[in-house]
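S.K.: So here's start33.cif (mmCIF, C-alpha atoms and all ligand atoms).
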```cif
data_target
#
loop_
_atom_site.label_atom_id
_atom_site.label_comp_id
_atom_site.auth_asym_id
_atom_site.auth_seq_id
_atom_site.Cartn_x
_atom_site.Cartn_y
_atom_site.Cartn_z
CA MET T 1087 0.00 0.00 0.00
CA ILE T 1088 1.15 3.55 -0.69
CA ARG T 1089 -0.28 6.68 0.89
CA ALA T 1090 -1.65 9.47 -1.29
CA GLY T 1091 -2.13 13.13 -0.46
CA VAL T 1092 -4.35 15.37 -2.57
CA LEU T 1093 -4.00 19.17 -2.55
CA GLY T 1094 -6.97 21.05 -4.01
CA ALA T 1095 -9.40 18.22 -3.26
CA THR T 1096 -12.52 20.38 -3.62
CA GLY T 1097 -11.98 21.19 -7.30
CA TYR T 1098 -13.30 19.07 -10.15
CA THR T 1099 -10.05 17.20 -10.75
CA GLY T 1100 -9.38 16.77 -7.02
CA PHE T 1101 -12.81 15.27 -6.39
CA GLU T 1102 -12.53 13.06 -9.48
CA LEU T 1103 -9.14 11.81 -8.29
CA LEU T 1104 -10.44 10.96 -4.81
CA GLN T 1105 -13.32 8.98 -6.25
CA TRP T 1106 -10.94 6.79 -8.27
CA LEU T 1107 -8.26 6.55 -5.56
CA ALA T 1108 -10.81 5.42 -2.97
CA TYR T 1109 -11.19 2.16 -4.92
CA HIS T 1110 -7.54 1.73 -5.87
CA PRO T 1111 -6.24 -1.61 -4.55
CA HIS T 1112 -2.78 -0.27 -3.61
CA VAL T 1113 -3.57 3.21 -2.29
CA GLU T 1114 -4.87 4.65 0.94
CA ILE T 1115 -5.75 8.32 1.16
CA ALA T 1116 -3.47 10.05 3.70
CA PHE T 1117 -5.05 13.49 3.44
CA ALA T 1118 -7.12 15.74 1.20
CA THR T 1119 -6.76 19.48 1.54
CA ALA T 1120 -8.97 22.45 0.79
CA ARG T 1121 -8.61 26.19 1.03
CA SER T 1122 -12.02 27.81 1.65
CA ASP T 1123 -13.68 24.53 2.71
CA ALA T 1124 -11.06 23.19 5.12
CA GLY T 1125 -12.68 21.54 8.12
CA LYS T 1126 -15.73 20.29 6.20
CA PRO T 1127 -16.44 16.73 5.13
CA LEU T 1128 -16.19 16.19 1.38
CA SER T 1129 -19.86 15.16 1.46
CA ALA T 1130 -20.79 18.74 2.39
CA LEU T 1131 -19.63 19.81 -1.08
CA TYR T 1132 -20.40 16.90 -3.35
CA PRO T 1133 -23.05 14.15 -3.38
CA THR T 1134 -20.68 11.42 -2.17
CA ASP T 1135 -20.52 8.76 0.50
CA LEU T 1136 -16.72 8.98 0.65
CA ASP T 1137 -15.84 9.59 4.28
CA ILE T 1138 -13.11 12.19 3.81
CA GLN T 1139 -12.50 15.16 6.08
CA LEU T 1140 -11.00 18.15 4.26
CA GLN T 1141 -7.97 19.66 5.99
CA ALA T 1142 -6.13 22.94 5.66
CA VAL T 1143 -2.83 22.40 3.91
CA GLU T 1144 -0.99 23.96 6.86
CA ASP T 1145 -2.41 21.20 9.10
CA VAL T 1146 -1.10 18.21 7.16
CA SER T 1147 2.35 16.70 7.11
CA LEU T 1148 3.41 16.21 3.51
CA SER T 1149 5.76 13.44 4.60
CA ASP T 1150 2.66 11.33 5.35
CA ALA T 1151 2.27 10.92 1.59
CA ASP T 1152 4.29 8.66 -0.69
CA VAL T 1153 2.62 10.37 -3.63
CA LEU T 1154 1.34 13.94 -3.63
CA PHE T 1155 -1.19 15.05 -6.24
CA LEU T 1156 -1.41 18.77 -6.96
CA CYS T 1157 -4.92 19.64 -8.17
CA LEU T 1158 -4.28 23.37 -7.92
CA PRO T 1159 -4.46 26.21 -10.41
CA HIS T 1160 -1.27 26.88 -12.36
CA GLY T 1161 0.88 29.34 -10.46
CA ALA T 1162 -0.20 27.87 -7.11
CA ALA T 1163 1.30 24.43 -7.77
CA GLN T 1164 4.95 25.51 -8.05
CA GLU T 1165 5.54 26.09 -4.36
CA TRP T 1166 3.89 22.83 -3.37
CA ALA T 1167 5.84 20.73 -5.86
CA GLN T 1168 9.08 21.74 -4.17
CA ARG T 1169 7.66 21.19 -0.70
CA GLY T 1170 6.35 17.77 -1.66
CA LEU T 1171 9.73 16.75 -3.08
CA ASP T 1172 11.49 18.03 0.06
CA ALA T 1173 9.14 15.85 2.12
CA GLY T 1174 10.19 12.81 0.07
CA ALA T 1175 6.98 12.34 -1.92
CA VAL T 1176 6.65 11.61 -5.61
CA VAL T 1177 4.79 14.66 -6.91
CA ILE T 1178 2.20 14.46 -9.68
CA ASP T 1179 1.17 17.93 -10.77
CA LEU T 1180 -2.16 18.12 -12.62
CA SER T 1181 -1.68 21.82 -13.34
CA ALA T 1182 0.33 23.27 -16.21
CA ASP T 1183 3.15 24.47 -13.95
CA HIS T 1184 5.75 21.85 -14.85
CA ARG T 1185 4.76 20.86 -18.38
CA LEU T 1186 6.92 23.35 -20.29
CA HIS T 1187 10.66 22.75 -20.13
CA ASP T 1188 11.64 26.38 -20.66
CA ALA T 1189 10.92 29.01 -17.99
CA ASP T 1190 10.86 31.83 -20.56
CA VAL T 1191 8.26 30.01 -22.63
CA TYR T 1192 6.24 29.46 -19.45
CA ALA T 1193 6.44 33.16 -18.55
CA ARG T 1194 5.31 34.18 -22.04
CA TRP T 1195 2.29 31.86 -22.22
CA TYR T 1196 1.21 32.08 -18.58
CA ASN T 1197 1.94 35.77 -18.06
CA GLN T 1198 3.93 35.18 -14.91
CA PRO T 1199 7.48 34.15 -14.07
CA HIS T 1200 8.09 30.58 -12.94
CA THR T 1201 9.16 30.58 -9.30
CA ALA T 1202 10.91 27.18 -9.40
CA PRO T 1203 12.53 27.01 -12.86
CA HIS T 1204 15.07 24.43 -11.66
CA LEU T 1205 12.23 21.89 -11.49
CA LEU T 1206 11.33 22.24 -15.17
CA ALA T 1207 14.40 20.29 -16.29
CA GLU T 1208 13.62 17.29 -14.13
CA ALA T 1209 9.82 17.11 -14.54
CA VAL T 1210 8.68 14.23 -16.75
CA TYR T 1211 5.81 15.05 -19.12
CA GLY T 1212 3.37 12.30 -18.24
CA LEU T 1213 1.75 11.30 -21.52
CA THR T 1214 1.82 7.78 -20.15
CA GLU T 1215 1.78 5.69 -23.33
CA TRP T 1216 4.86 7.53 -24.65
CA ARG T 1217 6.88 8.18 -21.49
CA ARG T 1218 6.92 4.97 -19.47
CA GLU T 1219 10.67 4.64 -19.19
CA ALA T 1220 11.18 8.15 -17.79
CA LEU T 1221 8.11 7.84 -15.55
CA ARG T 1222 9.54 4.82 -13.74
CA GLN T 1223 12.32 7.00 -12.29
CA ALA T 1224 10.45 10.30 -11.98
CA ARG T 1225 10.25 12.35 -8.79
CA LEU T 1226 8.10 15.03 -10.41
CA ILE T 1227 5.49 14.18 -13.03
CA ALA T 1228 3.83 16.93 -15.07
CA ASN T 1229 0.43 15.54 -15.97
CA PRO T 1230 -0.49 16.67 -19.50
CA GLY T 1231 -3.30 19.10 -20.27
CA CYS T 1232 -6.63 17.70 -21.37
CA TYR T 1233 -6.64 19.11 -24.92
CA PRO T 1234 -2.98 18.14 -25.47
CA THR T 1235 -3.72 14.56 -24.33
CA SER T 1236 -6.53 14.18 -26.85
CA ILE T 1237 -4.45 15.61 -29.70
CA LEU T 1238 -1.03 14.10 -28.97
CA LEU T 1239 -2.30 10.53 -28.54
CA ALA T 1240 -4.09 10.83 -31.89
CA VAL T 1241 -1.07 11.98 -33.91
CA ALA T 1242 1.77 10.29 -31.99
CA PRO T 1243 1.97 7.16 -34.20
CA LEU T 1244 2.48 9.37 -37.26
CA LEU T 1245 5.00 11.59 -35.49
CA ASN T 1246 6.92 8.64 -34.14
CA ALA T 1247 7.18 7.20 -37.65
CA GLY T 1248 8.46 10.54 -39.01
CA LEU T 1249 5.40 10.93 -41.23
CA LEU T 1250 4.46 14.52 -40.36
CA ASP T 1251 7.81 16.12 -41.19
CA GLY T 1252 7.19 19.84 -41.81
CA ALA T 1253 3.39 19.45 -41.69
CA THR T 1254 0.89 21.87 -40.20
CA ILE T 1255 -1.58 20.02 -37.98
CA ILE T 1256 -5.03 21.54 -37.55
CA ALA T 1257 -6.98 20.57 -34.42
CA ASP T 1258 -10.54 21.59 -33.81
CA SER T 1259 -11.38 20.58 -30.23
CA LYS T 1260 -14.55 20.74 -28.15
CA SER T 1261 -14.60 20.50 -24.37
CA GLY T 1262 -17.23 20.01 -21.70
CA VAL T 1263 -17.60 22.81 -19.16
CA SER T 1264 -15.86 21.02 -16.28
CA GLY T 1265 -12.66 21.75 -18.22
CA ALA T 1266 -12.92 25.31 -16.97
CA GLY T 1267 -12.80 24.26 -13.30
CA ARG T 1268 -15.26 24.79 -10.45
CA SER T 1269 -14.60 28.39 -9.55
CA PRO T 1270 -17.50 30.55 -10.78
CA LYS T 1271 -16.99 32.31 -14.13
CA LEU T 1272 -19.47 34.15 -16.29
CA GLY T 1273 -18.64 31.99 -19.32
CA SER T 1274 -19.41 28.77 -17.44
CA LEU T 1275 -22.91 29.76 -16.33
CA PHE T 1276 -25.73 27.50 -17.52
CA VAL T 1277 -27.44 30.22 -19.54
CA GLU T 1278 -24.22 31.15 -21.32
CA VAL T 1279 -23.37 27.55 -22.19
CA ASN T 1280 -26.68 25.75 -22.67
CA GLU T 1281 -27.86 25.26 -26.28
CA ASN T 1282 -24.75 26.99 -27.52
CA LEU T 1283 -21.36 26.04 -28.97
CA LYS T 1284 -18.72 28.65 -28.43
CA PRO T 1285 -15.26 28.86 -30.01
CA TYR T 1286 -12.68 30.63 -27.85
CA ASN T 1287 -8.96 31.49 -28.08
CA ILE T 1288 -9.05 30.63 -31.77
CA GLY T 1289 -5.78 30.38 -33.71
CA HIS T 1290 -2.41 30.64 -32.05
CA VAL T 1291 -3.32 32.06 -28.68
CA HIS T 1292 -4.45 29.25 -26.37
CA ARG T 1293 -1.72 28.37 -23.84
CA HIS T 1294 -1.98 24.71 -24.82
CA VAL T 1295 -0.36 25.54 -28.17
CA ALA T 1296 3.03 25.87 -26.45
CA GLU T 1297 2.61 22.55 -24.66
CA ILE T 1298 1.38 20.70 -27.74
CA GLU T 1299 4.18 22.04 -29.96
CA GLN T 1300 6.84 21.16 -27.37
CA GLU T 1301 5.58 17.57 -27.35
CA LEU T 1302 5.07 17.34 -31.13
CA HIS T 1303 8.78 18.07 -31.42
CA ALA T 1304 9.68 15.61 -28.67
CA LEU T 1305 7.71 12.80 -30.32
CA ALA T 1306 8.91 13.49 -33.86
CA GLY T 1307 12.61 14.13 -33.18
CA ASP T 1308 14.36 15.12 -36.42
CA HIS T 1309 11.10 14.88 -38.38
CA ALA T 1310 9.14 17.52 -36.49
CA PRO T 1311 5.98 19.04 -37.93
CA ARG T 1312 5.89 22.78 -38.52
CA GLY T 1313 3.36 23.18 -35.72
CA ILE T 1314 -0.33 23.27 -34.88
CA VAL T 1315 -3.33 25.48 -35.49
CA PHE T 1316 -5.62 24.84 -32.53
CA SER T 1317 -9.23 25.95 -32.07
CA PRO T 1318 -10.95 25.07 -28.78
CA HIS T 1319 -14.72 25.23 -28.31
CA LEU T 1320 -16.94 25.10 -25.25
CA LEU T 1321 -19.58 22.39 -25.58
CA PRO T 1322 -22.74 22.33 -23.42
CA VAL T 1323 -21.94 19.04 -21.66
CA SER T 1324 -20.35 18.49 -18.25
CA ARG T 1325 -17.37 16.44 -19.38
CA GLY T 1326 -15.57 15.11 -22.43
CA ILE T 1327 -13.25 16.37 -25.15
CA LEU T 1328 -13.59 15.61 -28.85
CA SER T 1329 -10.78 16.66 -31.17
CA THR T 1330 -11.13 16.57 -34.94
CA ILE T 1331 -7.61 16.68 -36.34
CA TYR T 1332 -6.55 17.36 -39.93
CA VAL T 1333 -3.13 16.31 -41.24
CA PRO T 1334 -1.66 15.93 -44.72
CA TRP T 1335 -1.90 12.37 -45.98
CA PRO T 1336 1.32 10.53 -44.99
CA GLN T 1337 3.05 10.03 -48.32
CA GLY T 1338 3.78 6.47 -49.38
CA LEU T 1339 1.15 4.89 -47.12
CA SER T 1340 -2.05 3.16 -48.20
CA ALA T 1341 -5.15 3.35 -46.00
CA ASP T 1342 -4.41 -0.22 -44.90
CA ASP T 1343 -0.81 0.69 -44.03
CA LEU T 1344 -2.07 3.59 -41.95
CA ARG T 1345 -4.52 1.46 -40.01
CA ALA T 1346 -1.81 -1.18 -39.46
CA LEU T 1347 0.53 1.49 -38.11
CA TYR T 1348 -2.01 2.60 -35.51
CA ALA T 1349 -3.08 -0.95 -34.68
CA GLU T 1350 0.54 -2.05 -34.12
CA THR T 1351 1.53 1.05 -32.18
CA TYR T 1352 -1.35 0.78 -29.77
CA ALA T 1353 -1.83 -3.02 -29.80
CA ASP T 1354 -0.99 -3.55 -26.13
CA GLU T 1355 -2.37 -0.30 -24.76
CA PRO T 1356 -5.18 -0.87 -22.26
CA PHE T 1357 -6.49 2.67 -22.55
CA ILE T 1358 -6.22 3.38 -26.26
CA TRP T 1359 -9.28 2.29 -28.20
CA LEU T 1360 -8.64 2.29 -31.94
CA LEU T 1361 -12.09 2.05 -33.46
CA PRO T 1362 -12.70 -0.24 -36.44
CA GLU T 1363 -12.87 1.12 -39.98
CA GLY T 1364 -16.11 3.01 -40.56
CA ALA T 1365 -16.68 3.85 -36.88
CA THR T 1366 -16.33 7.38 -35.49
CA ALA T 1367 -15.14 8.26 -32.00
CA THR T 1368 -17.73 10.08 -29.88
CA LEU T 1369 -17.80 11.37 -26.32
CA ALA T 1370 -19.94 8.40 -25.30
CA HIS T 1371 -17.04 6.08 -26.15
CA THR T 1372 -14.89 7.53 -23.37
CA VAL T 1373 -16.83 9.64 -20.85
CA ARG T 1374 -16.20 8.44 -17.26
CA THR T 1375 -13.40 6.14 -18.43
CA ASN T 1376 -9.63 6.48 -18.68
CA ARG T 1377 -9.75 5.65 -22.36
CA CYS T 1378 -8.83 7.61 -25.46
CA ALA T 1379 -10.91 6.56 -28.48
CA ILE T 1380 -9.38 7.17 -31.89
CA SER T 1381 -10.99 6.85 -35.32
CA LEU T 1382 -9.20 7.26 -38.66
CA HIS T 1383 -10.88 8.90 -41.66
CA PRO T 1384 -8.83 9.00 -44.87
CA VAL T 1385 -9.81 11.59 -47.49
CA PRO T 1386 -7.58 10.32 -50.33
CA GLU T 1387 -9.10 12.54 -53.01
CA ARG T 1388 -7.82 15.58 -51.09
CA ASP T 1389 -4.57 14.04 -49.78
CA GLN T 1390 -5.84 14.52 -46.25
CA LEU T 1391 -6.31 12.39 -43.18
CA ILE T 1392 -8.85 13.28 -40.50
CA ILE T 1393 -8.43 11.75 -37.05
CA VAL T 1394 -11.14 11.97 -34.40
CA SER T 1395 -10.05 11.52 -30.81
CA THR T 1396 -12.09 11.63 -27.60
CA ILE T 1397 -11.29 11.48 -23.91
CA ASP T 1398 -12.94 12.43 -20.64
CA ASN T 1399 -11.16 15.66 -19.65
CA LEU T 1400 -11.40 14.79 -15.95
CA VAL T 1401 -10.20 11.18 -16.36
CA LYS T 1402 -7.69 10.51 -19.17
CA GLY T 1403 -7.31 14.31 -19.39
CA ALA T 1404 -6.52 14.69 -15.67
CA ALA T 1405 -7.19 12.36 -12.69
CA GLY T 1406 -7.15 9.04 -14.57
CA GLN T 1407 -3.90 9.74 -16.40
CA ALA T 1408 -2.42 10.92 -13.07
CA ILE T 1409 -3.30 7.54 -11.53
CA GLN T 1410 -1.97 5.73 -14.61
CA ASN T 1411 1.30 7.63 -14.15
CA MET T 1412 1.36 6.77 -10.46
CA ASN T 1413 0.83 3.10 -11.36
CA VAL T 1414 3.81 3.17 -13.72
CA ARG T 1415 5.97 5.06 -11.23
CA PHE T 1416 5.26 2.65 -8.36
CA GLY T 1417 5.37 -0.51 -10.45
CA PHE T 1418 1.68 -1.40 -10.12
CA ASP T 1419 -0.37 -2.91 -12.92
CA GLU T 1420 -1.04 0.14 -15.09
CA ARG T 1421 -4.76 -0.62 -15.07
CA ALA T 1422 -4.98 -0.81 -11.26
CA GLY T 1423 -7.89 1.22 -9.96
CA LEU T 1424 -8.84 2.37 -13.46
CA MET T 1425 -10.65 -0.51 -15.09
CA PRO T 1426 -14.06 -1.16 -13.49
CA VAL T 1427 -15.73 1.97 -14.82
CA ALA T 1428 -14.11 1.54 -18.20
CA ARG T 1429 -15.54 -1.95 -18.49
CA ALA T 1430 -19.01 -0.90 -17.45
CA ARG T 1431 -19.03 1.88 -20.03
CA VAL T 1432 -17.70 -0.27 -22.83
CA GLN T 1433 -20.63 -2.62 -22.34
CA GLU T 1434 -23.06 0.26 -22.52
CA VAL T 1435 -21.96 1.74 -25.85
N1 LIG S 1501 -10.81 20.65 -15.16
C1 LIG S 1501 -10.14 19.94 -16.07
O1 LIG S 1501 -10.72 19.31 -16.95
C2 LIG S 1501 -8.65 19.89 -16.03
C3 LIG S 1501 -7.92 20.67 -15.16
N2 LIG S 1501 -6.56 20.60 -15.16
C4 LIG S 1501 -5.78 21.44 -14.25
O2 LIG S 1501 -5.84 20.88 -12.94
C5 LIG S 1501 -5.81 21.91 -11.97
C6 LIG S 1501 -7.08 21.83 -11.12
O3 LIG S 1501 -8.19 22.02 -11.99
P1 LIG S 1501 -9.69 21.98 -11.48
O4 LIG S 1501 -9.84 20.89 -10.50
O5 LIG S 1501 -10.52 21.98 -12.70
O6 LIG S 1501 -9.79 23.40 -10.75
P2 LIG S 1501 -10.89 23.91 -9.75
O7 LIG S 1501 -10.99 25.38 -9.95
O8 LIG S 1501 -12.12 23.10 -9.90
O9 LIG S 1501 -10.27 23.61 -8.31
C7 LIG S 1501 -9.09 24.22 -7.86
C8 LIG S 1501 -8.78 23.75 -6.46
O10 LIG S 1501 -7.61 24.44 -6.01
C9 LIG S 1501 -7.93 25.23 -4.83
N3 LIG S 1501 -7.20 26.49 -4.94
C10 LIG S 1501 -7.46 27.51 -5.76
N4 LIG S 1501 -6.53 28.46 -5.66
C11 LIG S 1501 -5.65 28.02 -4.73
C12 LIG S 1501 -4.45 28.55 -4.18
N5 LIG S 1501 -3.97 29.71 -4.56
N6 LIG S 1501 -3.81 27.82 -3.25
C13 LIG S 1501 -4.30 26.62 -2.86
N7 LIG S 1501 -5.42 26.08 -3.35
C14 LIG S 1501 -6.08 26.77 -4.27
C15 LIG S 1501 -9.42 25.38 -4.87
O11 LIG S 1501 -9.92 25.60 -3.57
P3 LIG S 1501 -10.92 26.82 -3.29
O12 LIG S 1501 -12.18 26.46 -4.01
O13 LIG S 1501 -11.06 26.84 -1.83
O14 LIG S 1501 -10.25 28.03 -3.87
C16 LIG S 1501 -9.85 24.03 -5.43
O15 LIG S 1501 -9.80 23.04 -4.44
C17 LIG S 1501 -5.72 23.23 -12.73
O16 LIG S 1501 -4.39 23.62 -12.83
C18 LIG S 1501 -6.29 22.86 -14.07
O17 LIG S 1501 -5.87 23.73 -15.06
C19 LIG S 1501 -5.89 19.72 -15.95
C20 LIG S 1501 -6.56 18.92 -16.82
C21 LIG S 1501 -7.99 18.96 -16.95
C1 LIG S 1502 -13.13 24.35 -21.19
C2 LIG S 1502 -11.91 25.06 -20.67
O1 LIG S 1502 -11.97 26.20 -20.26
N1 LIG S 1502 -10.77 24.38 -20.70
C3 LIG S 1502 -9.52 24.92 -20.24
C4 LIG S 1502 -8.43 23.92 -20.39
C5 LIG S 1502 -8.49 22.87 -19.39
C6 LIG S 1502 -7.35 22.88 -18.43
O2 LIG S 1502 -7.57 22.80 -17.28
O3 LIG S 1502 -6.13 23.01 -18.95
P1 LIG S 1502 -4.79 22.87 -18.10
O4 LIG S 1502 -4.72 21.51 -17.65
O5 LIG S 1502 -3.69 23.22 -19.02
O6 LIG S 1502 -4.81 23.82 -16.97
C7 LIG S 1502 -9.05 26.12 -21.04
O7 LIG S 1502 -9.35 26.22 -22.22
O8 LIG S 1502 -8.27 26.89 -20.48
#
```
Can you present the structure in this file as structure tokens?
Ligand SMILES: NC(=O)C1=CN([C@@H]2O[C@H](COP(=O)(O)OP(=O)(O)OC[C@H]3O[C@@H](n4cnc5c(N)ncnc54)[C@H](OP(=O)(O)O)[C@@H]3O)[C@@H](O)[C@H]2O)C=CC1
Ligand SMILES: CC(=O)N[C@@H](CCC(=O)OP(=O)(O)O)C(=O)O

M.R.:
Amino acid sequence: MIRAGVLGATGYTGFELLQWLAYHPHVEIAFATARSDAGKPLSALYPTDLDIQLQAVEDVSLSDADVLFLCLPHGAAQEWAQRGLDAGAVVIDLSADHRLHDADVYARWYNQPHTAPHLLAEAVYGLTEWRREALRQARLIANPGCYPTSILLAVAPLLNAGLLDGATIIADSKSGVSGAGRSPKLGSLFVEVNENLKPYNIGHVHRHVAEIEQELHALAGDHAPRGIVFSPHLLPVSRGILSTIYVPWPQGLSADDLRALYAETYADEPFIWLLPEGATATLAHTVRTNRCAISLHPVPERDQLIIVSTIDNLVKGAAGQAIQNMNVRFGFDERAGLMPVARARVQEV
């Protein structure tokens, strides 16, 4: 058994994480902290029968945790990563604070200086399927963003095979409203969101562009694409991300070759669901599971390939991938604590 501490337990990702961890066979919850709601039971905030008392972060001893999850806004996580490491915990940061390797790039995209730039070099970007070796040794794991997870998993087989050299990738992504977090915002109100579909940060301005491009380069090595054009949209559902991704047709490959490449790359992956020819990934394929569903749609007459990818932003896009990374880091079965819901959902769809 390992002991887990969760900072920011009252937010959407923190609560999601606790619900999965509570049924993890190798984890016991050491503490869960809150800011405004410290001292309350979790059940005072959410409809849950989990018996968890929320504590102020000042009242817990970080050394009680073997693994410390940071479910805090970016900016706030930096200080706690260092403190967690000093206390001897493996730190898994769900925020964006340790995803970018370069402090100047962080400052430019997040409009604030990084207060612990020395940690950026050692943090491992936790896109689990592509980083297992580094994750096994990691002290600090930067859990990927939700949009980047949906996009990177969908194009990684092509990047890894050097098939997107110099290409511009276009990703049109739609997210459920929980992606914006639990703190009240005008744009997340029911009346603003309901029966609407709203593009935002269109073009080259969303902060995830920096993260995605960093990882496109890492995955492609010497055959890097030119970059990404990324358009996020707010969808009137609670959870789920669907990315429709456009890439130039990989020269020299037939449609069968392409499918074989994806099938081989992801053959042994418990959480990647490559849909059969003719099927299209939808939110229902992945919501409330740790899966990423991918469907391939060749458009040969235009030399284009369209890839559709879906995840649950709170699971594979946050808490689930964090647990998957923990499982790799601590040598557990990667599926531990993550399968029951996935199975139930697969039977439903
Ligand atoms: N929502 C999503 O789909 C995803 C989110 N993420 C990232 O994960 C992190 C958490 O997201 P999410 O759960 O949605 O956020 P929420 O806004 O829902 O929750 C944030 C949590 O952090 C606490 N908090 C806020 N400010 C501070 C602070 N300065 N110091 C200490 N605690 C603080 C909040 O407590 P209080 O309410 O008392 O302020 C709350 O518990 C963010 O960095 C987010 O960007 C990553 C992937 C997906
Ligand atoms: C719908 C919505 O608002 N989504 C958020 C991204 C989700 C997220 O939390 O991103 P990080 O993990 O990088 O912090 C946004 O567009 O900013």

S.K.: Quick one: residues within 9 Å of region 1289-1301 of chain T, only C-alpha atoms, excluding same-chain residues fewer than 2 positions away - as number ranges by chain?

M.R.: T: 1182, 1185-1187, 1191-1192, 1195-1196, 1211, 1230-1231, 1233-1235, 1237-1238, 1286-1287, 1303-1306, 1311-1318

S.K.: Which residue, T:Lys1126, T:Arg1089, T:His1309, T:Arg1225, has the smallest gap to Leu1249 (chain T) when you use all atoms listed in the file?

M.R.: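 Distance minimum relative to Leu1249 (chain T) lands on T:His1309.
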
S.K.: Between CA of Asp1150 (chain T) and atom C19 of ligand LIG 1501 (chain S), what is the spacing in Å?

M.R.: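 CA of Asp1150 (chain T) lies at a distance of 24.4 Å from atom C19 of ligand LIG 1501 (chain S).
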
S.K.: For a test of reading the model, state the distance in Å between atom O2 of ligand LIG 1501 (chain S) and CA of Ser1381 (chain T), rounded to one decimal.

M.R.: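 Between atom O2 of ligand LIG 1501 (chain S) and CA of Ser1381 (chain T) the gap works out to 26.9 Å.
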
S.K.: Could you tell me how far CA of Leu1148 (chain T) sits from CA of Ala1162 (chain T), in Å to one decimal place?

M.R.: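 Distance between the two atoms: 16.2 Å.
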
S.K.: Once you count all atoms listed in the file, which residues end up no further than 12 Å from (15.6, 29.1, -20.7) in the file's frame, shown as an MDAnalysis selection string?

M.R.: chainID T and resid 1186:1194 1199:1200 1203:1204 1206:1207

S.K.: Nearest to Ala1365 (chain T): which of T:Thr1351, T:Ser1236, T:Gln1407, T:Ser1395 is it, counting all atoms listed in the file?

M.R.: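 Checking each of T:Thr1351, T:Ser1236, T:Gln1407, T:Ser1395 against Ala1365 (chain T), counting all atoms listed in the file, the winner is T:Ser1395.
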
S.K.: Copy region 1342-1355 of chain T out of the block into a file, keeping N, CA and C atoms, as a short mmCIF file (atom, residue, chain, number, x, y, z; two decimals), in the first residue's frame.

M.R.:
```cif
data_model
loop_
_atom_site.label_atom_id
_atom_site.label_comp_id
_atom_site.auth_asym_id
_atom_site.auth_seq_id
_atom_site.Cartn_x
_atom_site.Cartn_y
_atom_site.Cartn_z
N ASP T 1342 -4.66 0.98 -45.70
CA ASP T 1342 -4.41 -0.22 -44.90
C ASP T 1342 -3.12 -0.10 -44.10
N ASP T 1343 -2.09 0.49 -44.75
CA ASP T 1343 -0.81 0.69 -44.03
C ASP T 1343 -1.04 1.58 -42.80
N LEU T 1344 -1.82 2.62 -43.02
CA LEU T 1344 -2.07 3.59 -41.95
C LEU T 1344 -2.76 2.91 -40.77
N ARG T 1345 -3.79 2.15 -41.08
CA ARG T 1345 -4.52 1.46 -40.01
C ARG T 1345 -3.59 0.46 -39.29
N ALA T 1346 -2.74 -0.22 -40.07
CA ALA T 1346 -1.81 -1.18 -39.46
C ALA T 1346 -0.83 -0.47 -38.55
N LEU T 1347 -0.40 0.73 -38.94
CA LEU T 1347 0.53 1.49 -38.11
C LEU T 1347 -0.10 1.80 -36.75
N TYR T 1348 -1.34 2.28 -36.77
CA TYR T 1348 -2.01 2.60 -35.51
C TYR T 1348 -2.28 1.34 -34.70
N ALA T 1349 -2.74 0.29 -35.39
CA ALA T 1349 -3.08 -0.95 -34.68
C ALA T 1349 -1.83 -1.53 -34.01
N GLU T 1350 -0.70 -1.49 -34.70
CA GLU T 1350 0.54 -2.05 -34.12
C GLU T 1350 1.04 -1.17 -32.98
N THR T 1351 1.01 0.15 -33.21
CA THR T 1351 1.53 1.05 -32.18
C THR T 1351 0.77 0.89 -30.88
N TYR T 1352 -0.53 0.78 -30.99
CA TYR T 1352 -1.35 0.78 -29.77
C TYR T 1352 -1.88 -0.61 -29.40
N ALA T 1353 -1.29 -1.66 -30.00
CA ALA T 1353 -1.83 -3.02 -29.80
C ALA T 1353 -1.96 -3.41 -28.34
N ASP T 1354 -0.97 -3.07 -27.52
CA ASP T 1354 -0.99 -3.55 -26.13
C ASP T 1354 -1.41 -2.47 -25.14
N GLU T 1355 -2.01 -1.41 -25.64
CA GLU T 1355 -2.37 -0.30 -24.76
C GLU T 1355 -3.77 -0.49 -24.18
#
```
